[in-house]
>>> print(open('upload_9.tsv').read())   # TSV, C-alpha atoms
chain	number	residue	atom	x	y	z
A	20	MET	CA	0.00	0.00	0.00
A	21	GLU	CA	1.35	3.42	-0.91
A	22	PRO	CA	2.22	5.66	2.07
A	23	ASP	CA	-0.14	8.42	0.89
A	24	LEU	CA	-3.01	5.96	0.73
A	25	SER	CA	-2.18	4.66	4.21
A	26	ARG	CA	-2.09	8.20	5.55
A	27	GLU	CA	-5.45	8.95	3.94
A	28	ALA	CA	-6.94	5.76	5.40
A	29	LEU	CA	-5.59	6.62	8.85
A	30	ASN	CA	-6.95	10.13	8.55
A	31	ARG	CA	-10.39	8.65	7.87
A	32	TRP	CA	-10.08	6.31	10.84
A	33	ARG	CA	-9.06	9.29	13.01
A	34	LEU	CA	-12.16	11.18	11.86
A	35	LEU	CA	-14.38	8.16	12.55
A	36	LEU	CA	-12.89	7.28	15.96
A	37	GLY	CA	-12.41	10.80	17.30
A	38	SER	CA	-9.63	12.50	19.21
A	39	HIS	CA	-9.41	9.73	21.84
A	40	ALA	CA	-7.88	7.46	19.16
A	41	GLU	CA	-5.12	9.90	18.20
A	42	GLU	CA	-2.41	8.43	20.43
A	43	SER	CA	-2.99	4.91	19.14
A	44	LEU	CA	-2.91	6.04	15.52
A	45	GLU	CA	0.31	8.01	16.01
A	46	GLY	CA	1.91	4.76	17.12
A	47	SER	CA	1.50	3.44	13.58
A	48	GLY	CA	4.58	5.33	12.42
A	49	VAL	CA	2.71	6.72	9.38
A	50	TYR	CA	0.04	8.98	10.90
A	51	GLN	CA	0.99	12.35	12.40
A	52	SER	CA	-1.58	14.58	14.10
A	53	SER	CA	-0.08	17.61	12.34
A	54	GLU	CA	-1.08	16.04	9.03
A	55	PHE	CA	-4.69	15.38	9.98
A	56	SER	CA	-6.67	16.35	6.85
A	57	TYR	CA	-10.14	16.70	8.36
A	58	GLN	CA	-9.51	19.12	11.20
A	59	GLU	CA	-12.52	21.34	10.49
A	60	LEU	CA	-14.93	18.43	10.07
A	61	ASP	CA	-13.56	16.87	13.23
A	62	SER	CA	-14.03	20.02	15.32
A	63	ILE	CA	-17.64	20.34	14.08
A	64	LEU	CA	-18.52	16.73	14.89
A	65	GLU	CA	-16.70	16.83	18.24
A	66	PHE	CA	-18.66	19.94	19.23
A	67	LEU	CA	-21.81	17.82	19.10
A	68	TYR	CA	-20.78	14.22	19.77
A	69	ASN	CA	-18.24	14.83	22.54
A	70	ARG	CA	-21.33	15.44	24.68
A	71	GLU	CA	-21.68	11.65	24.58
A	72	TYR	CA	-18.59	11.29	26.78
A	73	GLY	CA	-18.33	12.33	30.39
A	74	GLU	CA	-16.55	11.27	33.55
A	75	GLU	CA	-19.37	8.84	34.31
A	76	GLN	CA	-18.29	6.89	31.20
A	77	GLY	CA	-14.64	6.95	32.29
A	78	TYR	CA	-13.54	9.91	30.16
A	79	ARG	CA	-11.61	12.72	31.80
A	80	LYS	CA	-12.04	16.18	30.28
A	81	GLU	CA	-8.72	17.52	29.06
A	82	GLY	CA	-7.48	20.55	27.19
A	83	GLY	CA	-7.68	20.07	23.44
A	84	ARG	CA	-5.05	20.67	20.75
A	85	GLY	CA	-7.36	22.32	18.27
A	86	ASP	CA	-8.53	25.83	17.52
A	87	SER	CA	-10.63	27.94	19.86
A	88	ALA	CA	-13.96	26.39	20.90
A	89	LEU	CA	-16.94	26.71	18.60
A	90	THR	CA	-20.09	28.54	19.65
A	91	VAL	CA	-23.59	27.37	18.70
A	92	PRO	CA	-23.99	30.05	15.97
A	93	SER	CA	-20.57	29.33	14.42
A	94	TRP	CA	-21.25	25.57	14.59
A	95	LEU	CA	-24.55	26.06	12.71
A	96	ASN	CA	-22.85	28.18	10.06
A	97	LYS	CA	-20.13	25.59	9.54
A	98	ILE	CA	-22.41	22.56	9.23
A	99	ARG	CA	-24.43	24.40	6.57
A	100	LYS	CA	-21.28	25.04	4.55
A	101	LEU	CA	-19.82	21.55	4.85
A	102	PHE	CA	-22.81	19.17	4.83
A	103	PRO	CA	-25.84	18.61	2.57
A	104	LYS	CA	-29.28	19.72	3.78
A	105	LYS	CA	-30.41	16.26	4.93
A	106	THR	CA	-27.28	15.81	7.06
A	107	VAL	CA	-27.73	19.29	8.54
A	108	GLU	CA	-31.29	18.38	9.59
A	109	ILE	CA	-30.02	15.17	11.25
A	110	LEU	CA	-27.33	17.08	13.16
A	111	GLU	CA	-29.82	19.73	14.28
A	112	ARG	CA	-32.33	17.08	15.35
A	113	GLN	CA	-29.73	15.20	17.41
A	114	ALA	CA	-28.49	18.45	18.95
A	115	LEU	CA	-32.00	19.13	20.25
A	116	ASP	CA	-33.41	15.69	20.96
A	117	ARG	CA	-30.33	13.83	22.17
A	118	TYR	CA	-28.07	16.49	23.64
A	119	ASN	CA	-30.63	19.09	24.78
A	120	MET	CA	-28.86	22.04	23.14
A	121	THR	CA	-31.61	24.50	24.04
A	122	GLU	CA	-29.36	27.40	22.95
A	123	LEU	CA	-30.72	26.59	19.49
A	124	LEU	CA	-34.16	27.71	20.65
A	125	THR	CA	-33.41	30.56	23.06
A	126	ASP	CA	-31.14	32.63	20.81
A	127	LYS	CA	-33.18	34.59	18.23
A	128	LYS	CA	-30.54	34.62	15.49
A	129	VAL	CA	-29.72	30.96	15.96
A	130	LEU	CA	-33.41	29.97	15.94
A	131	GLU	CA	-34.09	31.93	12.76
A	132	SER	CA	-31.14	30.28	11.01
A	133	MET	CA	-32.57	26.77	11.52
A	134	GLU	CA	-34.54	24.82	8.94
A	135	PRO	CA	-38.30	24.95	9.68
A	136	ASN	CA	-39.49	21.33	9.95
A	137	MET	CA	-41.54	19.03	12.16
A	138	THR	CA	-38.63	18.30	14.51
A	139	LEU	CA	-38.01	21.99	15.12
A	140	LEU	CA	-41.75	22.56	15.64
A	141	LYS	CA	-41.90	19.85	18.32
A	142	ASN	CA	-38.88	21.27	20.12
A	143	ILE	CA	-40.33	24.78	20.06
A	144	LEU	CA	-43.52	23.46	21.67
A	145	GLN	CA	-41.50	21.59	24.27
A	146	PHE	CA	-39.19	24.49	25.21
A	147	LYS	CA	-41.39	27.53	24.50
A	148	GLY	CA	-41.66	28.19	28.23
A	149	ARG	CA	-37.97	29.20	28.23
A	150	MET	CA	-38.39	31.65	25.36
A	151	LYS	CA	-38.77	35.36	25.94
A	152	GLY	CA	-39.50	38.53	23.97
A	153	GLU	CA	-38.44	38.53	20.33
A	154	VAL	CA	-37.51	34.83	20.48
A	155	VAL	CA	-41.20	33.96	21.00
A	156	LYS	CA	-42.14	36.01	17.94
A	157	SER	CA	-39.54	34.21	15.81
A	158	ALA	CA	-40.71	30.85	17.17
A	159	LYS	CA	-44.32	31.62	16.21
A	160	GLU	CA	-43.25	32.46	12.65
A	161	ILE	CA	-41.48	29.10	12.38
A	162	VAL	CA	-44.50	27.27	13.83
A	163	ARG	CA	-46.76	29.05	11.32
A	164	LYS	CA	-44.58	28.04	8.36
A	165	VAL	CA	-44.46	24.37	9.37
A	166	VAL	CA	-48.18	24.27	10.21
A	167	ASP	CA	-49.15	25.97	6.93
A	168	ASP	CA	-47.08	23.44	4.98
A	169	LEU	CA	-48.70	20.59	6.91
A	170	ARG	CA	-52.20	21.97	6.41
A	171	ARG	CA	-51.66	22.30	2.65
A	172	GLN	CA	-50.63	18.63	2.54
A	173	LEU	CA	-53.78	17.51	4.36
A	174	GLU	CA	-56.50	19.84	3.08
A	175	ASN	CA	-56.99	18.14	-0.27
A	176	GLU	CA	-57.58	14.72	1.32
A	177	VAL	CA	-60.05	16.23	3.78
A	178	GLN	CA	-61.87	18.11	1.01
A	179	THR	CA	-62.17	14.98	-1.13
A	180	SER	CA	-63.07	12.56	1.68
A	181	ILE	CA	-65.57	14.68	3.59
A	182	VAL	CA	-67.06	17.28	1.25
A	183	GLY	CA	-66.58	15.58	-2.11
A	184	LYS	CA	-64.83	16.69	-5.26
A	185	ARG	CA	-65.76	20.12	-6.48
A	186	ASN	CA	-67.80	20.33	-9.68
A	187	ARG	CA	-66.42	23.32	-11.56
A	188	HIS	CA	-68.89	23.00	-14.47
A	189	LYS	CA	-72.08	23.36	-12.48
A	190	ARG	CA	-73.12	26.64	-10.94
A	191	GLY	CA	-73.69	26.39	-7.20
A	192	TYR	CA	-75.64	28.39	-4.68
A	193	THR	CA	-73.64	27.75	-1.50
A	194	LYS	CA	-72.34	31.27	-1.07
A	195	SER	CA	-69.07	30.97	0.80
A	196	MET	CA	-65.63	32.34	-0.06
A	197	LYS	CA	-64.13	28.87	-0.47
A	198	ASN	CA	-66.73	28.13	-3.20
A	199	LEU	CA	-66.25	31.45	-5.05
A	200	ASP	CA	-65.65	30.93	-8.80
A	201	VAL	CA	-63.21	33.80	-9.28
A	202	HIS	CA	-62.62	33.35	-13.02
A	203	LYS	CA	-66.31	33.12	-13.89
A	204	THR	CA	-67.16	36.08	-11.65
A	205	ILE	CA	-64.58	38.25	-13.42
A	206	ARG	CA	-65.61	37.04	-16.88
A	207	LYS	CA	-69.31	37.66	-16.32
A	208	ASN	CA	-68.71	41.14	-14.91
A	209	LEU	CA	-66.19	42.44	-17.45
A	210	LYS	CA	-68.96	44.56	-18.96
A	211	ASN	CA	-69.07	46.51	-15.70
A	212	TYR	CA	-65.46	47.72	-15.78
A	213	ASP	CA	-65.30	51.48	-15.17
A	214	ARG	CA	-62.40	52.69	-17.33
A	215	LYS	CA	-62.67	56.30	-16.20
A	216	ASN	CA	-62.16	55.49	-12.53
A	217	SER	CA	-60.20	52.26	-13.11
A	218	ARG	CA	-62.66	50.27	-11.03
A	219	PHE	CA	-64.07	46.80	-11.43
A	220	ILE	CA	-67.72	46.72	-10.38
A	221	ILE	CA	-69.23	43.34	-9.54
A	222	ASP	CA	-73.00	43.10	-9.52
A	223	GLU	CA	-73.20	39.29	-9.25
A	224	LEU	CA	-70.99	36.62	-7.70
A	225	TYR	CA	-70.71	33.07	-9.08
A	226	PHE	CA	-69.91	29.98	-7.01
A	227	HIS	CA	-68.72	26.42	-7.62
A	228	SER	CA	-71.08	23.60	-6.74
A	229	ASN	CA	-70.11	20.65	-4.56
A	230	ILE	CA	-71.07	17.19	-5.72
A	231	GLN	CA	-72.46	16.34	-2.29
A	232	HIS	CA	-74.06	18.46	0.40
A	233	HIS	CA	-74.51	17.33	3.98
A	234	ASN	CA	-76.42	18.32	7.05
A	235	LYS	CA	-73.95	19.62	9.59
A	236	TRP	CA	-72.20	16.96	11.66
A	237	ASN	CA	-70.57	17.69	15.02
A	238	ILE	CA	-66.94	16.70	15.54
A	239	VAL	CA	-65.69	16.72	19.15
A	240	ILE	CA	-61.93	16.14	19.40
A	241	VAL	CA	-60.55	15.62	22.91
A	242	VAL	CA	-56.75	15.48	23.00
A	243	ASP	CA	-54.39	14.28	25.71
A	244	GLU	CA	-51.52	16.80	25.88
A	245	SER	CA	-49.10	14.62	27.84
A	246	GLY	CA	-45.52	14.66	26.52
A	247	SER	CA	-45.78	11.25	24.85
A	248	MET	CA	-48.65	12.51	22.66
A	249	MET	CA	-46.81	15.46	21.09
A	250	ASP	CA	-47.12	14.35	17.46
A	251	SER	CA	-50.80	13.59	17.95
A	252	VAL	CA	-51.40	17.01	19.54
A	253	ILE	CA	-49.89	18.72	16.49
A	254	TYR	CA	-51.85	16.70	13.93
A	255	SER	CA	-55.08	16.93	15.94
A	256	SER	CA	-54.82	20.72	16.09
A	257	VAL	CA	-54.13	21.03	12.36
A	258	MET	CA	-56.91	18.60	11.41
A	259	ALA	CA	-59.37	20.38	13.72
A	260	SER	CA	-58.54	23.71	12.05
A	261	ILE	CA	-59.23	22.17	8.62
A	262	PHE	CA	-62.54	20.65	9.80
A	263	TYR	CA	-63.48	24.02	11.32
A	264	LYS	CA	-63.53	25.61	7.85
A	265	LEU	CA	-65.86	23.00	6.35
A	266	ALA	CA	-69.53	23.94	6.13
A	267	ALA	CA	-70.48	20.27	6.63
A	268	LEU	CA	-68.95	20.11	10.10
A	269	LYS	CA	-69.17	21.90	13.43
A	270	THR	CA	-65.88	21.29	15.21
A	271	HIS	CA	-64.83	21.45	18.86
A	272	LEU	CA	-61.24	20.97	20.07
A	273	VAL	CA	-60.53	20.24	23.74
A	274	ILE	CA	-57.10	19.56	25.23
A	275	PHE	CA	-56.45	18.18	28.69
A	276	ASP	CA	-53.98	16.99	31.28
A	277	THR	CA	-55.44	17.20	34.80
A	278	LYS	CA	-57.31	20.31	33.62
A	279	VAL	CA	-59.56	20.73	30.60
A	280	VAL	CA	-59.20	23.62	28.14
A	281	ASP	CA	-61.69	24.23	25.32
A	282	LEU	CA	-59.84	25.75	22.33
A	283	SER	CA	-62.79	25.65	19.91
A	284	SER	CA	-62.92	29.45	19.67
A	285	ARG	CA	-59.30	29.55	18.42
A	286	LEU	CA	-59.60	27.04	15.59
A	287	ASP	CA	-59.25	29.69	12.90
A	288	ASP	CA	-55.56	29.87	13.90
A	289	PRO	CA	-53.91	26.50	14.67
A	290	VAL	CA	-50.67	28.31	15.60
A	291	ASP	CA	-52.51	30.01	18.46
A	292	VAL	CA	-53.84	26.60	19.48
A	293	LEU	CA	-50.41	24.96	19.51
A	294	MET	CA	-48.73	27.82	21.36
A	295	SER	CA	-51.41	27.38	24.06
A	296	VAL	CA	-50.55	23.73	24.65
A	297	GLN	CA	-48.61	22.89	27.82
A	298	LEU	CA	-47.05	19.48	27.23
A	299	GLY	CA	-46.54	17.16	30.18
A	300	GLY	CA	-48.22	16.90	33.55
A	301	GLY	CA	-50.77	14.39	34.76
A	302	THR	CA	-53.70	12.87	32.89
A	303	HIS	CA	-57.39	12.89	33.81
A	304	ILE	CA	-59.18	11.33	30.85
A	305	ALA	CA	-62.52	10.83	32.60
A	306	GLN	CA	-62.80	14.53	33.41
A	307	ALA	CA	-62.10	15.45	29.76
A	308	LEU	CA	-64.71	12.97	28.52
A	309	LYS	CA	-67.23	14.38	30.97
A	310	TYR	CA	-66.63	17.88	29.63
A	311	GLY	CA	-66.84	16.61	26.05
A	312	ARG	CA	-70.31	15.23	26.78
A	313	THR	CA	-71.52	18.78	27.47
A	314	LEU	CA	-70.77	19.59	23.80
A	315	LEU	CA	-73.15	16.93	22.45
A	316	GLU	CA	-75.99	18.80	20.72
A	317	ASN	CA	-77.19	15.97	18.48
A	318	PRO	CA	-75.49	12.71	19.52
A	319	SER	CA	-76.75	10.72	16.50
A	320	LYS	CA	-74.87	13.15	14.25
A	321	THR	CA	-71.77	13.48	16.41
A	322	ILE	CA	-68.34	11.93	15.99
A	323	PHE	CA	-66.53	11.96	19.34
A	324	ILE	CA	-62.74	11.50	18.97
A	325	LEU	CA	-60.53	10.81	21.98
A	326	VAL	CA	-56.79	11.10	21.19
A	327	SER	CA	-54.88	9.51	24.07
A	328	ASP	CA	-52.51	6.73	25.12
A	329	LEU	CA	-55.25	5.76	27.64
A	330	GLU	CA	-52.87	5.97	30.60
A	331	GLU	CA	-55.41	7.36	33.06
A	332	GLY	CA	-53.94	8.99	36.16
A	333	TYR	CA	-57.16	8.54	38.16
A	334	PRO	CA	-59.38	5.49	38.87
A	335	ILE	CA	-59.91	4.01	35.41
A	336	LYS	CA	-63.47	2.81	36.07
A	337	GLU	CA	-64.69	6.40	35.76
A	338	MET	CA	-63.04	6.67	32.32
A	339	TYR	CA	-64.93	3.54	31.25
A	340	ARG	CA	-68.18	4.91	32.66
A	341	GLN	CA	-67.86	8.21	30.81
A	342	SER	CA	-66.96	6.38	27.59
A	343	LYS	CA	-70.04	4.16	27.90
A	344	GLU	CA	-72.23	7.24	28.39
A	345	ILE	CA	-70.89	8.68	25.11
A	346	ILE	CA	-71.48	5.44	23.20
A	347	ASP	CA	-74.94	4.89	24.71
A	348	ALA	CA	-75.93	8.44	23.74
A	349	GLY	CA	-75.60	7.35	20.10
A	350	CYS	CA	-72.30	9.02	19.17
A	351	LYS	CA	-69.69	7.49	16.90
A	352	PHE	CA	-66.83	7.06	19.39
A	353	LEU	CA	-63.33	6.90	17.92
A	354	VAL	CA	-60.33	6.37	20.21
A	355	LEU	CA	-57.01	7.22	18.57
A	356	THR	CA	-53.95	5.92	20.37
A	357	ALA	CA	-51.89	7.91	17.86
A	358	LEU	CA	-52.63	10.39	15.09
A	359	ASP	CA	-49.52	10.89	12.96
A	360	PHE	CA	-47.76	9.49	9.91
A	361	ASN	CA	-45.53	7.08	11.85
A	362	GLY	CA	-48.30	4.81	13.13
A	363	ASN	CA	-46.23	3.83	16.16
A	364	SER	CA	-47.88	4.20	19.53
A	365	THR	CA	-47.40	3.02	23.10
A	366	TYR	CA	-50.68	2.81	24.94
A	367	ASN	CA	-52.65	0.93	27.59
A	368	GLN	CA	-53.67	-2.13	25.59
A	369	HIS	CA	-56.02	-3.48	28.27
A	370	ALA	CA	-57.96	-0.20	28.33
A	371	ALA	CA	-58.09	-0.22	24.53
A	372	ARG	CA	-59.63	-3.73	24.54
A	373	VAL	CA	-62.22	-2.73	27.15
A	374	LEU	CA	-63.27	0.32	25.13
A	375	SER	CA	-63.38	-1.71	21.92
A	376	ASP	CA	-65.64	-4.29	23.60
A	377	MET	CA	-67.96	-1.41	24.61
A	378	GLY	CA	-68.36	-0.41	20.97
A	379	ALA	CA	-65.65	2.19	20.49
A	380	ASN	CA	-63.49	2.18	17.36
A	381	VAL	CA	-59.88	2.00	18.62
A	382	ALA	CA	-56.94	2.55	16.26
A	383	ALA	CA	-53.66	4.32	15.56
A	384	ILE	CA	-54.15	6.01	12.20
A	385	THR	CA	-52.76	8.69	9.92
A	386	PRO	CA	-54.48	12.06	9.39
A	387	ASP	CA	-55.45	10.98	5.86
A	388	GLU	CA	-57.12	7.86	7.23
A	389	LEU	CA	-59.00	9.97	9.80
A	390	ALA	CA	-60.43	12.14	7.01
A	391	GLN	CA	-61.47	9.02	5.07
A	392	TRP	CA	-63.05	7.46	8.17
A	393	ILE	CA	-65.09	10.60	8.92
A	394	GLY	CA	-66.07	10.85	5.26
A	395	LYS	CA	-67.51	7.29	5.33
A	396	VAL	CA	-69.47	7.99	8.51
A	397	ILE	CA	-71.16	11.17	7.33
A	398	LYS	CA	-71.97	10.10	3.75
>>> encode(input="upload_9.tsv", output="structure tokens")
Amino acid sequence: MEPDLSREALNRWRLLLGSHAEESLEGSGVYQSSEFSYQELDSILEFLYNREYGEEQGYRKEGGRGDSALTVPSWLNKIRKLFPKKTVEILERQALDRYNMTELLTDKKVLESMEPNMTLLKNILQFKGRMKGEVVKSAKEIVRKVVDDLRRQLENEVQTSIVGKRNRHKRGYTKSMKNLDVHKTIRKNLKNYDRKNSRFIIDELYFHSNIQHHNKWNIVIVVDESGSMMDSVIYSSVMASIFYKLAALKTHLVIFDTKVVDLSSRLDDPVDVLMSVQLGGGTHIAQALKYGRTLLENPSKTIFILVSDLEEGYPIKEMYRQSKEIIDAGCKFLVLTALDFNGNSTYNQHAARVLSDMGANVAAITPDELAQWIGKVIK
């Protein structure tokens, strides 16, 4: 093997194994630390992954041989220059989730430099209590961008599954902004254009027609906000905001831990909903179900959705009793142990079996599947 190739191979091993392997590699007679080719990459990776090693693992902190220590902002700048976008997202996710680098969320400039995505959204919700002033404003803007992207992904499935495909060739008479036929309205009113005052005068509006129309159904969504349900809280809030805009549905959103908070009046802004959530704490499912029952106006046309891991913090018999009252009232009772695109959930399986035997539909499903399920019920 050529010496240059051996040196390159040893350099790669040094990068892989980290600075603790340097002494052993120098003993090879070929590798010299002064010739280490990946110094910048190494310092960037050490800044993050050296957090894995502490005195409890038998590692003693010592002075390093490298350049001055990186800061969080300079580390972020460097990883963006040296790594592709997907790798950057992995490094940022591990910095937050594994190593609790909350500086990423409490420094305004650092926060604004991060890639808006679901991982960042979840961390903002988890650590928003530590944010102050302008940082909160920046965090809300990030939450809005991620939520808007998520809502755009889901709206079409909801529209198709629940309302039906829009018929753009038939004139409709449901006068709502979402059904406004903009092109036809402009075309039919061109004759009214006032050239002198440069004004467009509309004397009649035209609307699309929906293939199917429905009597209004009630959707009551009761969501457990414990830390393990974070993904489900996010998707439940976004789905509720989409349902809220549909004429076919009247939607309520309730979140709970040991207290119950009705967020139905805020559903026009899911960002406001999410920034109101306080993740963690205890769980009182029975109390939330009892409150949800007060929202039942027409049980036979109500879909009651409980989103929870079913880990009740109070005597569980009361949770079963409240659930039976909802089912006996004539509601469609859906228990979601998870509502996200991963489909993985940890939940109280015994409680799930008991509720299923009572007549509840128990499942871990995706948001798309929820829209399809509701669509089948109401059609």
>>> residues_around(input="upload_9.tsv", residues="His369 in chain A", least_positions_apart="5", cutoff="12 Å", atoms="all atoms listed in the file", output="MDAnalysis selection string")
chainID A and resid 328:331 335 339 374:376 381
>>> atom_distance(input="upload_9.tsv", atom1="CA of Leu60 in chain A", atom2="CA of Leu101 in chain A")
7.8 Å
>>> closest_residue(input="upload_9.tsv", among="A:Thr321, A:Thr277, A:Ser157, A:Ser217", to="Leu353 in chain A", atoms="only C-alpha atoms")
A:Thr321
>>> closest_residue(input="upload_9.tsv", among="A:Glu337, A:Glu122, A:Glu316, A:Glu27", to="Lys235 in chain A", atoms="all atoms listed in the file")
A:Glu316
>>> atom_distance(input="upload_9.tsv", atom1="CA of Lys269 in chain A", atom2="CA of Val239 in chain A")
8.5 Å
>>> closest_residue(input="upload_9.tsv", among="A:Gln306, A:Thr313, A:Ser295, A:Thr179", to="His271 in chain A", atoms="only C-alpha atoms")
A:Thr313
>>> atom_distance(input="upload_9.tsv", atom1="CA of Asn237 in chain A", atom2="CA of Asp250 in chain A")
23.8 Å
>>> residues_around(input="upload_9.tsv", residues="Gly246 in chain A", least_positions_apart="2", cutoff="12 Å", atoms="all atoms listed in the file", output="list in words")
Lys141, Asn142, Leu144, Gln145, Phe146, Val242, Asp243, Glu244, Met248, Met249, Asp250, Ser251, Val252, Ile253, Phe275, Asp276, Val296, Gln297, Leu298, Gly299, Gly300, Gly301, Thr302, Ser327 and Asp328 of chain A
>>> closest_residue(input="upload_9.tsv", among="A:Lys159, A:Arg218, A:His303, A:Lys351", to="Lys336 in chain A", atoms="only C-alpha atoms")
A:His303
>>> closest_residue(input="upload_9.tsv", among="A:Met294, A:Ile322, A:Leu272, A:Lys164", to="Ile143 in chain A", atoms="all atoms listed in the file")
A:Met294
>>> residues_around(input="upload_9.tsv", residues="Ile346 in chain A", least_positions_apart="4", cutoff="8 Å", atoms="only C-alpha atoms", output="list in words")
Ser342, Cys350, Lys351, Phe352, Met377, Gly378 and Ala379 of chain A
>>> build_atoms(input="upload_9.tsv", residues="range 152-164 of chain A", atoms="N, CA, C and O atoms", output="PDB file, in the frame of the given file")
ATOM      1  N   GLY A 152     -39.557  37.380  24.867  1.00  0.00           N
ATOM      2  CA  GLY A 152     -39.500  38.530  23.970  1.00  0.00           C
ATOM      3  C   GLY A 152     -39.510  38.188  22.496  1.00  0.00           C
ATOM      4  O   GLY A 152     -40.387  37.465  22.004  1.00  0.00           O
ATOM      5  N   GLU A 153     -38.513  38.684  21.779  1.00  0.00           N
ATOM      6  CA  GLU A 153     -38.440  38.530  20.330  1.00  0.00           C
ATOM      7  C   GLU A 153     -38.260  37.074  19.903  1.00  0.00           C
ATOM      8  O   GLU A 153     -38.603  36.701  18.790  1.00  0.00           O
ATOM      9  N   VAL A 154     -37.697  36.254  20.800  1.00  0.00           N
ATOM     10  CA  VAL A 154     -37.510  34.830  20.480  1.00  0.00           C
ATOM     11  C   VAL A 154     -38.874  34.167  20.290  1.00  0.00           C
ATOM     12  O   VAL A 154     -39.054  33.339  19.389  1.00  0.00           O
ATOM     13  N   VAL A 155     -39.846  34.525  21.116  1.00  0.00           N
ATOM     14  CA  VAL A 155     -41.200  33.960  21.000  1.00  0.00           C
ATOM     15  C   VAL A 155     -41.802  34.325  19.647  1.00  0.00           C
ATOM     16  O   VAL A 155     -42.423  33.492  18.977  1.00  0.00           O
ATOM     17  N   LYS A 156     -41.616  35.562  19.235  1.00  0.00           N
ATOM     18  CA  LYS A 156     -42.140  36.010  17.940  1.00  0.00           C
ATOM     19  C   LYS A 156     -41.527  35.207  16.797  1.00  0.00           C
ATOM     20  O   LYS A 156     -42.225  34.761  15.882  1.00  0.00           O
ATOM     21  N   SER A 157     -40.214  35.004  16.839  1.00  0.00           N
ATOM     22  CA  SER A 157     -39.540  34.210  15.810  1.00  0.00           C
ATOM     23  C   SER A 157     -40.025  32.764  15.828  1.00  0.00           C
ATOM     24  O   SER A 157     -40.220  32.138  14.782  1.00  0.00           O
ATOM     25  N   ALA A 158     -40.224  32.234  17.037  1.00  0.00           N
ATOM     26  CA  ALA A 158     -40.710  30.850  17.170  1.00  0.00           C
ATOM     27  C   ALA A 158     -42.086  30.708  16.550  1.00  0.00           C
ATOM     28  O   ALA A 158     -42.365  29.722  15.846  1.00  0.00           O
ATOM     29  N   LYS A 159     -42.972  31.679  16.784  1.00  0.00           N
ATOM     30  CA  LYS A 159     -44.320  31.620  16.210  1.00  0.00           C
ATOM     31  C   LYS A 159     -44.279  31.637  14.686  1.00  0.00           C
ATOM     32  O   LYS A 159     -45.068  30.954  14.025  1.00  0.00           O
ATOM     33  N   GLU A 160     -43.370  32.408  14.113  1.00  0.00           N
ATOM     34  CA  GLU A 160     -43.250  32.460  12.650  1.00  0.00           C
ATOM     35  C   GLU A 160     -42.814  31.112  12.093  1.00  0.00           C
ATOM     36  O   GLU A 160     -43.293  30.672  11.042  1.00  0.00           O
ATOM     37  N   ILE A 161     -41.918  30.431  12.804  1.00  0.00           N
ATOM     38  CA  ILE A 161     -41.480  29.100  12.380  1.00  0.00           C
ATOM     39  C   ILE A 161     -42.634  28.108  12.493  1.00  0.00           C
ATOM     40  O   ILE A 161     -42.891  27.311  11.585  1.00  0.00           O
ATOM     41  N   VAL A 162     -43.344  28.158  13.623  1.00  0.00           N
ATOM     42  CA  VAL A 162     -44.500  27.270  13.830  1.00  0.00           C
ATOM     43  C   VAL A 162     -45.521  27.491  12.714  1.00  0.00           C
ATOM     44  O   VAL A 162     -46.062  26.539  12.146  1.00  0.00           O
ATOM     45  N   ARG A 163     -45.780  28.747  12.370  1.00  0.00           N
ATOM     46  CA  ARG A 163     -46.760  29.050  11.320  1.00  0.00           C
ATOM     47  C   ARG A 163     -46.335  28.456   9.984  1.00  0.00           C
ATOM     48  O   ARG A 163     -47.148  27.893   9.252  1.00  0.00           O
ATOM     49  N   LYS A 164     -45.049  28.573   9.647  1.00  0.00           N
ATOM     50  CA  LYS A 164     -44.580  28.040   8.360  1.00  0.00           C
ATOM     51  C   LYS A 164     -44.744  26.526   8.288  1.00  0.00           C
ATOM     52  O   LYS A 164     -45.246  25.979   7.308  1.00  0.00           O
TER      53      LYS A 164
END
